[in-house]
Structures are given as C-alpha cells and as structure tokens.
file input_4.cif (mmCIF, C-alpha atoms (C1' of nucleotides))
data_entry
loop_
_atom_site.label_atom_id
_atom_site.label_comp_id
_atom_site.auth_asym_id
_atom_site.auth_seq_id
_atom_site.Cartn_x
_atom_site.Cartn_y
_atom_site.Cartn_z
CA MET L 29 -28.40 -29.28 225.23
CA LYS L 30 -28.68 -31.32 228.39
CA ASN L 31 -32.01 -32.80 229.45
CA TYR L 32 -33.71 -34.61 232.30
CA VAL L 33 -36.20 -36.65 230.31
CA ARG L 34 -34.97 -39.95 231.69
CA ASP L 35 -34.99 -38.70 235.28
CA LYS L 36 -38.47 -37.22 234.94
CA ARG L 37 -39.81 -40.33 233.24
CA MET L 38 -38.46 -42.58 235.97
CA SER L 39 -39.72 -40.32 238.76
CA PHE L 40 -43.13 -40.87 237.18
CA GLY L 41 -42.50 -44.61 237.10
CA MET L 42 -43.03 -44.85 233.38
CA THR L 43 -41.37 -47.00 230.74
CA GLN L 44 -40.14 -45.50 227.46
CA ASP L 45 -43.01 -47.25 225.76
CA GLU L 46 -45.63 -45.76 228.06
CA LEU L 47 -44.13 -42.30 227.72
CA SER L 48 -44.01 -42.50 223.94
CA GLU L 49 -47.67 -43.48 223.85
CA LYS L 50 -48.77 -40.68 226.13
CA LEU L 51 -46.86 -38.18 224.02
CA ASP L 52 -47.95 -39.74 220.77
CA VAL L 53 -44.42 -40.16 219.45
CA SER L 54 -42.39 -43.26 218.67
CA ARG L 55 -40.30 -45.04 221.27
CA GLN L 56 -37.27 -44.31 219.10
CA THR L 57 -37.86 -40.63 219.67
CA ILE L 58 -37.78 -41.10 223.44
CA ILE L 59 -34.62 -43.19 223.24
CA SER L 60 -32.93 -40.60 221.05
CA LEU L 61 -33.91 -37.78 223.37
CA GLU L 62 -32.72 -39.58 226.49
CA LYS L 63 -29.49 -40.52 224.75
CA GLY L 64 -29.03 -36.93 223.62
CA LYS L 65 -28.92 -37.88 219.96
CA TYR L 66 -30.90 -34.80 219.04
CA ASN L 67 -33.07 -32.06 220.48
CA PRO L 68 -36.85 -32.24 220.64
CA SER L 69 -39.09 -30.07 218.53
CA ILE L 70 -40.67 -27.29 220.57
CA ASN L 71 -43.96 -29.15 220.28
CA LEU L 72 -42.52 -32.24 221.90
CA ALA L 73 -40.78 -30.12 224.55
CA PHE L 74 -44.14 -28.58 225.43
CA LYS L 75 -45.84 -31.98 225.56
CA LEU L 76 -43.18 -33.22 227.95
CA SER L 77 -43.46 -30.15 230.16
CA LYS L 78 -47.24 -30.51 230.39
CA LEU L 79 -47.04 -34.21 231.18
CA PHE L 80 -44.31 -33.71 233.78
CA LYS L 81 -46.04 -30.64 235.15
CA CYS L 82 -43.03 -28.35 234.88
CA THR L 83 -41.50 -25.87 232.47
CA ILE L 84 -39.47 -26.59 229.38
CA GLU L 85 -36.55 -24.96 231.15
CA ASP L 86 -36.89 -27.49 233.97
CA ILE L 87 -36.34 -30.36 231.54
CA PHE L 88 -34.00 -28.91 228.94
CA ILE L 89 -30.85 -27.03 229.84
CA TYR L 90 -29.65 -24.73 227.10
CA GLU L 91 -25.94 -24.12 226.95
CA GLU L 92 -25.11 -20.73 225.45
CA ASP L 93 -22.33 -22.06 223.27
CA GLU L 94 -24.15 -24.93 221.69
CA LYS L 95 -22.03 -26.54 219.01
CA ASP L 96 -25.02 -28.48 217.75
CA VAL L 97 -26.67 -25.47 216.21
CA MET J 2 -48.80 -22.43 218.42
CA LYS J 3 -49.21 -18.75 218.98
CA ASN J 4 -46.18 -16.53 219.55
CA TYR J 5 -45.18 -13.01 220.52
CA VAL J 6 -41.96 -12.74 218.53
CA ARG J 7 -43.09 -9.69 216.64
CA ASP J 8 -44.30 -7.93 219.79
CA LYS J 9 -41.12 -8.70 221.68
CA ARG J 10 -38.93 -7.67 218.77
CA MET J 11 -40.71 -4.34 218.44
CA SER J 12 -40.64 -3.69 222.17
CA PHE J 13 -36.89 -4.00 221.82
CA GLY J 14 -36.96 -1.61 218.87
CA MET J 15 -35.32 -4.08 216.52
CA THR J 16 -35.83 -4.78 212.84
CA GLN J 17 -36.22 -8.31 211.50
CA ASP J 18 -32.79 -7.98 210.02
CA GLU J 19 -31.18 -6.97 213.31
CA LEU J 20 -32.94 -9.77 215.17
CA SER J 21 -31.93 -12.38 212.63
CA GLU J 22 -28.30 -11.31 212.94
CA LYS J 23 -28.31 -11.43 216.72
CA LEU J 24 -29.82 -14.88 216.65
CA ASP J 25 -27.64 -16.03 213.81
CA VAL J 26 -30.52 -17.17 211.64
CA SER J 27 -31.81 -15.90 208.30
CA ARG J 28 -34.31 -13.06 208.04
CA GLN J 29 -36.65 -15.49 206.33
CA THR J 30 -36.74 -17.52 209.50
CA ILE J 31 -37.86 -14.50 211.50
CA ILE J 32 -40.52 -13.64 208.96
CA SER J 33 -41.80 -17.20 208.94
CA LEU J 34 -41.92 -17.32 212.73
CA GLU J 35 -43.74 -14.01 213.02
CA LYS J 36 -46.17 -15.08 210.31
CA GLY J 37 -46.74 -18.39 212.07
CA LYS J 38 -45.62 -20.40 209.06
CA TYR J 39 -43.88 -22.87 211.32
CA ASN J 40 -42.62 -23.41 214.83
CA PRO J 41 -39.07 -22.66 215.93
CA SER J 42 -36.61 -25.36 216.88
CA ILE J 43 -36.10 -25.54 220.63
CA ASN J 44 -32.65 -24.05 220.07
CA LEU J 45 -34.09 -20.99 218.39
CA ALA J 46 -36.78 -20.72 221.06
CA PHE J 47 -34.06 -20.67 223.73
CA LYS J 48 -32.05 -18.06 221.84
CA LEU J 49 -35.11 -15.83 221.63
CA SER J 50 -35.91 -16.27 225.32
CA LYS J 51 -32.36 -15.36 226.32
CA LEU J 52 -32.30 -12.31 224.06
CA PHE J 53 -35.69 -11.13 225.24
CA LYS J 54 -34.87 -11.99 228.84
CA CYS J 55 -37.94 -14.11 229.44
CA THR J 56 -39.00 -17.75 229.29
CA ILE J 57 -39.91 -19.77 226.24
CA GLU J 58 -43.41 -19.98 227.65
CA ASP J 59 -43.60 -16.18 227.66
CA ILE J 60 -43.02 -16.09 223.91
CA PHE J 61 -44.65 -19.26 222.65
CA ILE J 62 -48.14 -20.31 223.64
CA TYR J 63 -48.78 -24.00 223.24
CA GLU J 64 -52.34 -25.01 222.49
CA GLU J 65 -53.11 -28.49 223.80
CA ASP J 66 -54.91 -29.58 220.66
CA GLU J 67 -52.32 -28.53 218.12
CA LYS J 68 -53.32 -29.72 214.69
CA ASP J 69 -49.86 -28.95 213.38
CA VAL J 70 -48.23 -31.86 215.16
"C1'" DT R 24 -32.48 -70.92 234.20
"C1'" DT R 25 -35.93 -69.47 231.22
"C1'" DA R 26 -39.24 -66.31 230.00
"C1'" DT R 27 -40.70 -61.61 229.65
"C1'" DA R 28 -40.12 -56.80 229.93
"C1'" DT R 29 -37.36 -53.00 228.97
"C1'" DT R 30 -33.86 -50.64 226.71
"C1'" DG R 31 -30.76 -50.08 222.78
"C1'" DT R 32 -28.94 -50.08 217.76
"C1'" DC R 33 -29.22 -49.62 212.71
"C1'" DA R 34 -30.98 -47.95 208.55
"C1'" DA R 35 -34.12 -46.03 205.20
"C1'" DG R 36 -37.60 -42.69 204.50
"C1'" DC R 37 -40.69 -38.72 205.52
"C1'" DT R 38 -41.66 -34.09 207.37
"C1'" DT R 39 -40.49 -29.72 208.76
"C1'" DA R 40 -37.24 -26.13 210.33
"C1'" DC R 41 -34.04 -23.31 208.16
"C1'" DT R 42 -31.08 -21.28 204.25
"C1'" DT R 43 -30.31 -18.75 200.09
"C1'" DT R 44 -31.47 -15.86 196.32
"C1'" DA R 45 -34.10 -12.82 193.88
"C1'" DC R 46 -37.68 -9.79 193.62
"C1'" DA R 47 -42.20 -7.36 195.13
"C1'" DT R 48 -44.75 -4.55 198.41
"C1'" DT R 49 -45.25 -1.44 202.19
"C1'" DT R 50 -43.49 2.01 205.43
"C1'" DT R 51 -40.78 5.89 206.77
"C1'" DA R 52 -38.07 9.87 205.89
"C1'" DT R 53 -36.48 13.63 203.13
"C1'" DA Z 7 -42.94 12.69 195.18
"C1'" DT Z 8 -38.94 10.14 195.53
"C1'" DA Z 9 -35.59 7.42 197.79
"C1'" DA Z 10 -34.38 4.36 201.22
"C1'" DA Z 11 -35.57 1.19 204.78
"C1'" DA Z 12 -38.31 -2.46 206.30
"C1'" DT Z 13 -41.31 -6.17 205.44
"C1'" DG Z 14 -43.17 -9.81 202.51
"C1'" DT Z 15 -43.37 -13.75 198.87
"C1'" DA Z 16 -41.80 -17.65 196.20
"C1'" DA Z 17 -39.02 -21.55 195.20
"C1'" DA Z 18 -35.43 -24.88 195.51
"C1'" DG Z 19 -32.24 -27.05 198.50
"C1'" DT Z 20 -30.11 -28.66 203.06
"C1'" DA Z 21 -30.41 -30.25 207.81
"C1'" DA Z 22 -32.54 -32.14 211.69
"C1'" DG Z 23 -36.58 -34.19 214.11
"C1'" DC Z 24 -39.41 -38.15 213.87
"C1'" DT Z 25 -41.28 -42.75 212.06
"C1'" DT Z 26 -41.15 -47.60 211.05
"C1'" DG Z 27 -39.45 -52.13 211.35
"C1'" DA Z 28 -36.45 -55.62 212.54
"C1'" DC Z 29 -33.40 -57.30 215.69
"C1'" DA Z 30 -29.77 -57.24 219.70
"C1'" DA Z 31 -28.67 -56.55 224.51
"C1'" DT Z 32 -29.79 -55.89 229.24
"C1'" DA Z 33 -32.69 -56.10 233.24
"C1'" DT Z 34 -36.46 -58.13 236.01
"C1'" DA Z 35 -39.30 -61.92 237.42
"C1'" DA Z 36 -41.09 -66.56 237.83
#

call {"tool": "encode", "arguments": {"input": "input_4.cif", "output": "structure tokens"}}
result
Amino acid sequence: MKNYVRDKRMSFGMTQDELSEKLDVSRQTIISLEKGKYNPSINLAFKLSKLFKCTIEDIFIYEEDEKDV
Amino acid sequence: MKNYVRDKRMSFGMTQDELSEKLDVSRQTIISLEKGKYNPSINLAFKLSKLFKCTIEDIFIYEEDEKDV
DNA sequence: TTATATTGTCAAGCTTACTTTACATTTTAT
DNA sequence: ATAAAATGTAAAGTAAGCTTGACAATATAA
C-alpha cells in the first residue's frame, strides 16, 4: 500500500514530532508509516484523514494485489 | 467505530461464509466485524470497499472520541 | 564550525486484528 | 417436526500495528 503521509505532513508544514503529538501516536509510528514499514490501523488512517481534511483514499492507495496481506 | 458490514453484505445477498471467502479472511473475522468486536485492518477495509463498490467511509463511521484507541 | 532540530535505526515488549477448531444456537426449508 | 443452512460463542495461537528508549545520522541555523 502506497501512502502520501509524508507529502501531506510537509504540505501542512509539520514535523514528524508535531504530527505524532496531534495524532496521539509515537513518532516511531509516523516514521514507520512514511517509510512504508507497515500499514496504519483504520483508526490511525481516520485520524490522519480528519487532520489532513481529506479521505482515507486520498492518503492511502490500495493496490489490488497486495503481497503484504 | 460503527460499521455497515452486515447491511452491505445482506444488500448483496451474501452469507458470512461467502463474504469471508471473497475477502480471503475467516468467517470469524466477519462475525467479529459485524458484532463490532474489533476494527478491521485498513487492508480489510479496502477489500470490503472494493467488493461493495463504495468508500471506506461509507462502511465505517469513525467517531472522533473513540475510546477503543 | 558548532549547536540544535529533525529524521532515522534497532530491539524488546504490548495490544489487537485475525486464524483455527470445535461446538452451540437460530433461521429457513422441506 | 426434522434437517440443513446460517449465525454465534469460546479459547488458544499467530501476525501485525504501536510503544518506549536509547542512540546514530542528516539537515538547518547561528
């Protein structure tokens, strides 16, 4: 799954630390997401979409044939 | 988080067993989702949205003050 | 250059999504 | 009423998301 977390974060002029605090998750979680180490929980995906004022689908791009299922 | 999995499934005339097979998850997972025992992974949420031809937001309703975070 | 901010890595541990199996209850059809 | 289909429950185990802490590397600024 591809994602635009880093792009969105930067377009909002936020640091990983600021983002993690606003979302109430650890900075590690943000790093891992941006680096594509794993997918977010649906709760975190929703939090991101609310904060970035867009849909989950705007941030996360699902690829039909995901190997990481 | 509220969800309309059961409603969507029934509107498609499918059984839990059929749905679980199409999504490649266990029937238990469907039961647990419909019963609200836990939230789906974002992967499963995407699979459901594709199958039901709608958005994740159409199926799962995020409540700002989720206690289950 | 030196300090400071920001980003990144590693590892151990916890929580929760999900699986599997086996069986019980409810619904639908004959 | 009986059988079959569909739904539900319980429990133990695996996998993945997330945390914490400590420290390394890179970028930005004075």

call {"tool": "resolve_selection", "arguments": {"input": "input_4.cif", "expression": "the PyMOL selection byres ((chain Z and resi 15) around 9)", "output": "PyMOL selection string"}}
result
(chain R and resi 46-47) or (chain Z and resi 14+16)

call {"tool": "atom_distance", "arguments": {"input": "input_4.cif", "atom1": "atom C1' of DA35 of chain R", "atom2": "atom C1' of DA17 of chain Z"}}
result
26.9 Å

call {"tool": "calpha_fit_and_write", "arguments": {"input": "input_4.cif", "fixed": "chain J", "moving": "chain L", "output": "PDB file with C-alpha atoms, in the frame of the given file"}}
result
ATOM      1  CA  MET L  29     -48.804 -22.456 218.434  1.00  0.00           C
ATOM      2  CA  LYS L  30     -49.208 -18.749 219.000  1.00  0.00           C
ATOM      3  CA  ASN L  31     -46.178 -16.535 219.567  1.00  0.00           C
ATOM      4  CA  TYR L  32     -45.177 -13.019 220.526  1.00  0.00           C
ATOM      5  CA  VAL L  33     -41.964 -12.751 218.543  1.00  0.00           C
ATOM      6  CA  ARG L  34     -43.105  -9.686 216.643  1.00  0.00           C
ATOM      7  CA  ASP L  35     -44.313  -7.924 219.787  1.00  0.00           C
ATOM      8  CA  LYS L  36     -41.114  -8.705 221.677  1.00  0.00           C
ATOM      9  CA  ARG L  37     -38.935  -7.658 218.758  1.00  0.00           C
ATOM     10  CA  MET L  38     -40.727  -4.339 218.423  1.00  0.00           C
ATOM     11  CA  SER L  39     -40.657  -3.674 222.169  1.00  0.00           C
ATOM     12  CA  PHE L  40     -36.891  -3.992 221.794  1.00  0.00           C
ATOM     13  CA  GLY L  41     -36.974  -1.609 218.844  1.00  0.00           C
ATOM     14  CA  MET L  42     -35.339  -4.074 216.515  1.00  0.00           C
ATOM     15  CA  THR L  43     -35.846  -4.759 212.824  1.00  0.00           C
ATOM     16  CA  GLN L  44     -36.234  -8.315 211.511  1.00  0.00           C
ATOM     17  CA  ASP L  45     -32.786  -7.982 210.032  1.00  0.00           C
ATOM     18  CA  GLU L  46     -31.184  -6.970 213.315  1.00  0.00           C
ATOM     19  CA  LEU L  47     -32.955  -9.754 215.173  1.00  0.00           C
ATOM     20  CA  SER L  48     -31.922 -12.377 212.643  1.00  0.00           C
ATOM     21  CA  GLU L  49     -28.305 -11.291 212.956  1.00  0.00           C
ATOM     22  CA  LYS L  50     -28.306 -11.381 216.730  1.00  0.00           C
ATOM     23  CA  LEU L  51     -29.815 -14.855 216.669  1.00  0.00           C
ATOM     24  CA  ASP L  52     -27.617 -16.013 213.839  1.00  0.00           C
ATOM     25  CA  VAL L  53     -30.510 -17.159 211.672  1.00  0.00           C
ATOM     26  CA  SER L  54     -31.794 -15.902 208.339  1.00  0.00           C
ATOM     27  CA  ARG L  55     -34.309 -13.094 208.046  1.00  0.00           C
ATOM     28  CA  GLN L  56     -36.628 -15.566 206.333  1.00  0.00           C
ATOM     29  CA  THR L  57     -36.720 -17.559 209.533  1.00  0.00           C
ATOM     30  CA  ILE L  58     -37.852 -14.518 211.511  1.00  0.00           C
ATOM     31  CA  ILE L  59     -40.508 -13.674 208.937  1.00  0.00           C
ATOM     32  CA  SER L  60     -41.797 -17.237 208.957  1.00  0.00           C
ATOM     33  CA  LEU L  61     -41.927 -17.328 212.735  1.00  0.00           C
ATOM     34  CA  GLU L  62     -43.741 -14.008 213.016  1.00  0.00           C
ATOM     35  CA  LYS L  63     -46.159 -15.067 210.300  1.00  0.00           C
ATOM     36  CA  GLY L  64     -46.729 -18.373 212.067  1.00  0.00           C
ATOM     37  CA  LYS L  65     -45.624 -20.401 209.071  1.00  0.00           C
ATOM     38  CA  TYR L  66     -43.882 -22.883 211.319  1.00  0.00           C
ATOM     39  CA  ASN L  67     -42.614 -23.399 214.843  1.00  0.00           C
ATOM     40  CA  PRO L  68     -39.062 -22.656 215.927  1.00  0.00           C
ATOM     41  CA  SER L  69     -36.601 -25.353 216.851  1.00  0.00           C
ATOM     42  CA  ILE L  70     -36.075 -25.539 220.603  1.00  0.00           C
ATOM     43  CA  ASN L  71     -32.633 -24.054 220.043  1.00  0.00           C
ATOM     44  CA  LEU L  72     -34.071 -20.984 218.383  1.00  0.00           C
ATOM     45  CA  ALA L  73     -36.780 -20.727 221.055  1.00  0.00           C
ATOM     46  CA  PHE L  74     -34.063 -20.679 223.711  1.00  0.00           C
ATOM     47  CA  LYS L  75     -32.048 -18.062 221.825  1.00  0.00           C
ATOM     48  CA  LEU L  76     -35.111 -15.846 221.626  1.00  0.00           C
ATOM     49  CA  SER L  77     -35.902 -16.279 225.310  1.00  0.00           C
ATOM     50  CA  LYS L  78     -32.347 -15.364 226.307  1.00  0.00           C
ATOM     51  CA  LEU L  79     -32.286 -12.319 224.053  1.00  0.00           C
ATOM     52  CA  PHE L  80     -35.705 -11.136 225.226  1.00  0.00           C
ATOM     53  CA  LYS L  81     -34.876 -11.984 228.816  1.00  0.00           C
ATOM     54  CA  CYS L  82     -37.943 -14.129 229.423  1.00  0.00           C
ATOM     55  CA  THR L  83     -39.001 -17.756 229.273  1.00  0.00           C
ATOM     56  CA  ILE L  84     -39.912 -19.783 226.232  1.00  0.00           C
ATOM     57  CA  GLU L  85     -43.413 -19.990 227.653  1.00  0.00           C
ATOM     58  CA  ASP L  86     -43.595 -16.191 227.670  1.00  0.00           C
ATOM     59  CA  ILE L  87     -43.020 -16.088 223.914  1.00  0.00           C
ATOM     60  CA  PHE L  88     -44.653 -19.266 222.661  1.00  0.00           C
ATOM     61  CA  ILE L  89     -48.146 -20.304 223.655  1.00  0.00           C
ATOM     62  CA  TYR L  90     -48.771 -24.005 223.268  1.00  0.00           C
ATOM     63  CA  GLU L  91     -52.316 -25.022 222.522  1.00  0.00           C
ATOM     64  CA  GLU L  92     -53.101 -28.510 223.806  1.00  0.00           C
ATOM     65  CA  ASP L  93     -54.911 -29.565 220.666  1.00  0.00           C
ATOM     66  CA  GLU L  94     -52.345 -28.529 218.138  1.00  0.00           C
ATOM     67  CA  LYS L  95     -53.346 -29.669 214.678  1.00  0.00           C
ATOM     68  CA  ASP L  96     -49.890 -28.873 213.369  1.00  0.00           C
ATOM     69  CA  VAL L  97     -48.267 -31.802 215.084  1.00  0.00           C
TER      70      VAL L  97
END

call {"tool": "resolve_selection", "arguments": {"input": "input_4.cif", "expression": "the PyMOL selection byres ((chain R and resi 43) around 12)", "output": "list of chain:residue names"}}
result
J:Val26, J:Ser27, J:Arg28, J:Gln29, J:Thr30, R:DC41, R:DT42, R:DT44, R:DA45, Z:DA17, Z:DA18, Z:DG19, Z:DT20

call {"tool": "resolve_selection", "arguments": {"input": "input_4.cif", "expression": "the PyMOL selection byres ((chain L) within 10 of (chain R))", "output": "list in words"}}
result
Thr43, Gln44, Asp45, Gln56, Ile59, Ser60, Lys63 and Ser69 of chain L

call {"tool": "closest_atom_pairs", "arguments": {"input": "input_4.cif", "of": "chain Z", "to": "chain J", "cutoff": "10 Å", "atoms": "only C-alpha atoms (C1' of nucleotides)", "output": "JSON lines"}}
result
{"residue": "Z:DA12", "atom": "C1'", "partner": "J:Thr16", "partner_atom": "CA", "distance": 7.4}
{"residue": "Z:DT13", "atom": "C1'", "partner": "J:Gln17", "partner_atom": "CA", "distance": 8.2}
{"residue": "Z:DG14", "atom": "C1'", "partner": "J:Ile32", "partner_atom": "CA", "distance": 8.0}
{"residue": "Z:DA22", "atom": "C1'", "partner": "J:Ser42", "partner_atom": "CA", "distance": 9.5}
{"residue": "Z:DG23", "atom": "C1'", "partner": "J:Ser42", "partner_atom": "CA", "distance": 9.3}

call {"tool": "closest_residue", "arguments": {"input": "input_4.cif", "among": "J:Leu34, J:Cys55, J:Ile43, J:Leu49", "to": "chain L", "atoms": "all atoms listed in the file"}}
result
J:Ile43

call {"tool": "closest_atom_pairs", "arguments": {"input": "input_4.cif", "of": "chain J", "to": "chain L", "cutoff": "9 Å", "atoms": "all atoms listed in the file", "output": "tab-separated table"}}
result
residue	atom	partner	partner_atom	distance
J:Met2	CA	L:Asn71	CA	8.5
J:Asn40	CA	L:Ile70	CA	7.2
J:Pro41	CA	L:Ile70	CA	6.7
J:Ser42	CA	L:Ser69	CA	5.6
J:Ile43	CA	L:Ile70	CA	4.9
J:Asn44	CA	L:Val97	CA	7.3
J:Leu45	CA	L:Val97	CA	8.9
J:Ala46	CA	L:Ile70	CA	7.7
J:Phe47	CA	L:Tyr90	CA	6.9
J:Lys48	CA	L:Glu92	CA	8.3
J:Thr56	CA	L:Glu85	CA	7.8
J:Ile57	CA	L:Ile84	CA	7.5
J:Glu58	CA	L:Thr83	CA	7.8
J:Tyr63	CA	L:Phe74	CA	6.9
J:Glu65	CA	L:Lys75	CA	8.3
J:Glu67	CA	L:Asn71	CA	8.7
J:Val70	CA	L:Asn71	CA	7.2

call {"tool": "decode", "arguments": {"input": "input_4.cif", "residues": "segment 44-64 of chain J", "atoms": "N, CA, C and O atoms", "output": "mmCIF file, in the first residue's frame"}}
result
data_model
loop_
_atom_site.group_PDB
_atom_site.id
_atom_site.type_symbol
_atom_site.label_atom_id
_atom_site.label_comp_id
_atom_site.auth_asym_id
_atom_site.auth_seq_id
_atom_site.Cartn_x
_atom_site.Cartn_y
_atom_site.Cartn_z
ATOM 1 N N ASN J 44 -6.338 -2.887 5.325
ATOM 2 C CA ASN J 44 -6.373 -3.767 4.162
ATOM 3 C C ASN J 44 -7.758 -4.371 3.999
ATOM 4 O O ASN J 44 -8.314 -4.377 2.905
ATOM 5 N N LEU J 45 -8.285 -4.885 5.085
ATOM 6 C CA LEU J 45 -9.614 -5.490 5.035
ATOM 7 C C LEU J 45 -10.677 -4.444 4.719
ATOM 8 O O LEU J 45 -11.613 -4.702 3.957
ATOM 9 N N ALA J 46 -10.507 -3.250 5.264
ATOM 10 C CA ALA J 46 -11.458 -2.172 4.987
ATOM 11 C C ALA J 46 -11.463 -1.860 3.492
ATOM 12 O O ALA J 46 -12.522 -1.671 2.886
ATOM 13 N N PHE J 47 -10.289 -1.836 2.883
ATOM 14 C CA PHE J 47 -10.192 -1.573 1.439
ATOM 15 C C PHE J 47 -10.835 -2.702 0.643
ATOM 16 O O PHE J 47 -11.583 -2.463 -0.312
ATOM 17 N N LYS J 48 -10.584 -3.929 1.052
ATOM 18 C CA LYS J 48 -11.171 -5.075 0.348
ATOM 19 C C LYS J 48 -12.690 -4.984 0.368
ATOM 20 O O LYS J 48 -13.359 -5.216 -0.647
ATOM 21 N N LEU J 49 -13.242 -4.647 1.522
ATOM 22 C CA LEU J 49 -14.690 -4.516 1.658
ATOM 23 C C LEU J 49 -15.213 -3.397 0.769
ATOM 24 O O LEU J 49 -16.238 -3.550 0.093
ATOM 25 N N SER J 50 -14.512 -2.267 0.764
ATOM 26 C CA SER J 50 -14.979 -1.130 -0.037
ATOM 27 C C SER J 50 -14.964 -1.448 -1.524
ATOM 28 O O SER J 50 -15.856 -1.035 -2.263
ATOM 29 N N LYS J 51 -13.949 -2.191 -1.958
ATOM 30 C CA LYS J 51 -13.874 -2.566 -3.374
ATOM 31 C C LYS J 51 -15.030 -3.507 -3.704
ATOM 32 O O LYS J 51 -15.743 -3.320 -4.699
ATOM 33 N N LEU J 52 -15.209 -4.519 -2.872
ATOM 34 C CA LEU J 52 -16.258 -5.504 -3.114
ATOM 35 C C LEU J 52 -17.644 -4.858 -3.119
ATOM 36 O O LEU J 52 -18.487 -5.163 -3.970
ATOM 37 N N PHE J 53 -17.856 -3.970 -2.193
ATOM 38 C CA PHE J 53 -19.163 -3.313 -2.079
ATOM 39 C C PHE J 53 -19.267 -2.071 -2.961
ATOM 40 O O PHE J 53 -20.275 -1.354 -2.925
ATOM 41 N N LYS J 54 -18.245 -1.811 -3.714
ATOM 42 C CA LYS J 54 -18.222 -0.671 -4.627
ATOM 43 C C LYS J 54 -18.602 0.645 -3.951
ATOM 44 O O LYS J 54 -19.507 1.356 -4.395
ATOM 45 N N CYS J 55 -17.920 0.933 -2.870
ATOM 46 C CA CYS J 55 -18.143 2.211 -2.176
ATOM 47 C C CYS J 55 -16.842 2.606 -1.485
ATOM 48 O O CYS J 55 -15.811 1.967 -1.701
ATOM 49 N N THR J 56 -16.878 3.647 -0.688
ATOM 50 C CA THR J 56 -15.658 4.075 0.007
ATOM 51 C C THR J 56 -15.599 3.462 1.403
ATOM 52 O O THR J 56 -16.610 2.969 1.915
ATOM 53 N N ILE J 57 -14.445 3.511 1.978
ATOM 54 C CA ILE J 57 -14.270 3.020 3.347
ATOM 55 C C ILE J 57 -15.179 3.812 4.266
ATOM 56 O O ILE J 57 -15.813 3.254 5.162
ATOM 57 N N GLU J 58 -15.261 5.105 3.992
ATOM 58 C CA GLU J 58 -16.081 5.988 4.821
ATOM 59 C C GLU J 58 -17.575 5.661 4.727
ATOM 60 O O GLU J 58 -18.351 6.037 5.611
ATOM 61 N N ASP J 59 -17.966 5.001 3.647
ATOM 62 C CA ASP J 59 -19.369 4.603 3.503
ATOM 63 C C ASP J 59 -19.702 3.408 4.401
ATOM 64 O O ASP J 59 -20.850 3.199 4.775
ATOM 65 N N ILE J 60 -18.697 2.636 4.716
ATOM 66 C CA ILE J 60 -18.902 1.420 5.507
ATOM 67 C C ILE J 60 -18.568 1.614 6.973
ATOM 68 O O ILE J 60 -19.274 1.121 7.848
ATOM 69 N N PHE J 61 -17.499 2.345 7.228
ATOM 70 C CA PHE J 61 -17.047 2.545 8.603
ATOM 71 C C PHE J 61 -17.200 3.994 9.030
ATOM 72 O O PHE J 61 -16.727 4.898 8.352
ATOM 73 N N ILE J 62 -17.879 4.176 10.153
ATOM 74 C CA ILE J 62 -18.126 5.519 10.669
ATOM 75 C C ILE J 62 -17.251 5.784 11.879
ATOM 76 O O ILE J 62 -17.456 5.192 12.946
ATOM 77 N N TYR J 63 -16.291 6.661 11.682
ATOM 78 C CA TYR J 63 -15.359 6.996 12.755
ATOM 79 C C TYR J 63 -15.989 8.000 13.700
ATOM 80 O O TYR J 63 -16.561 8.990 13.256
ATOM 81 N N GLU J 64 -15.889 7.713 14.984
ATOM 82 C CA GLU J 64 -16.394 8.665 15.973
ATOM 83 C C GLU J 64 -15.179 9.326 16.624
ATOM 84 O O GLU J 64 -14.345 8.649 17.214
#
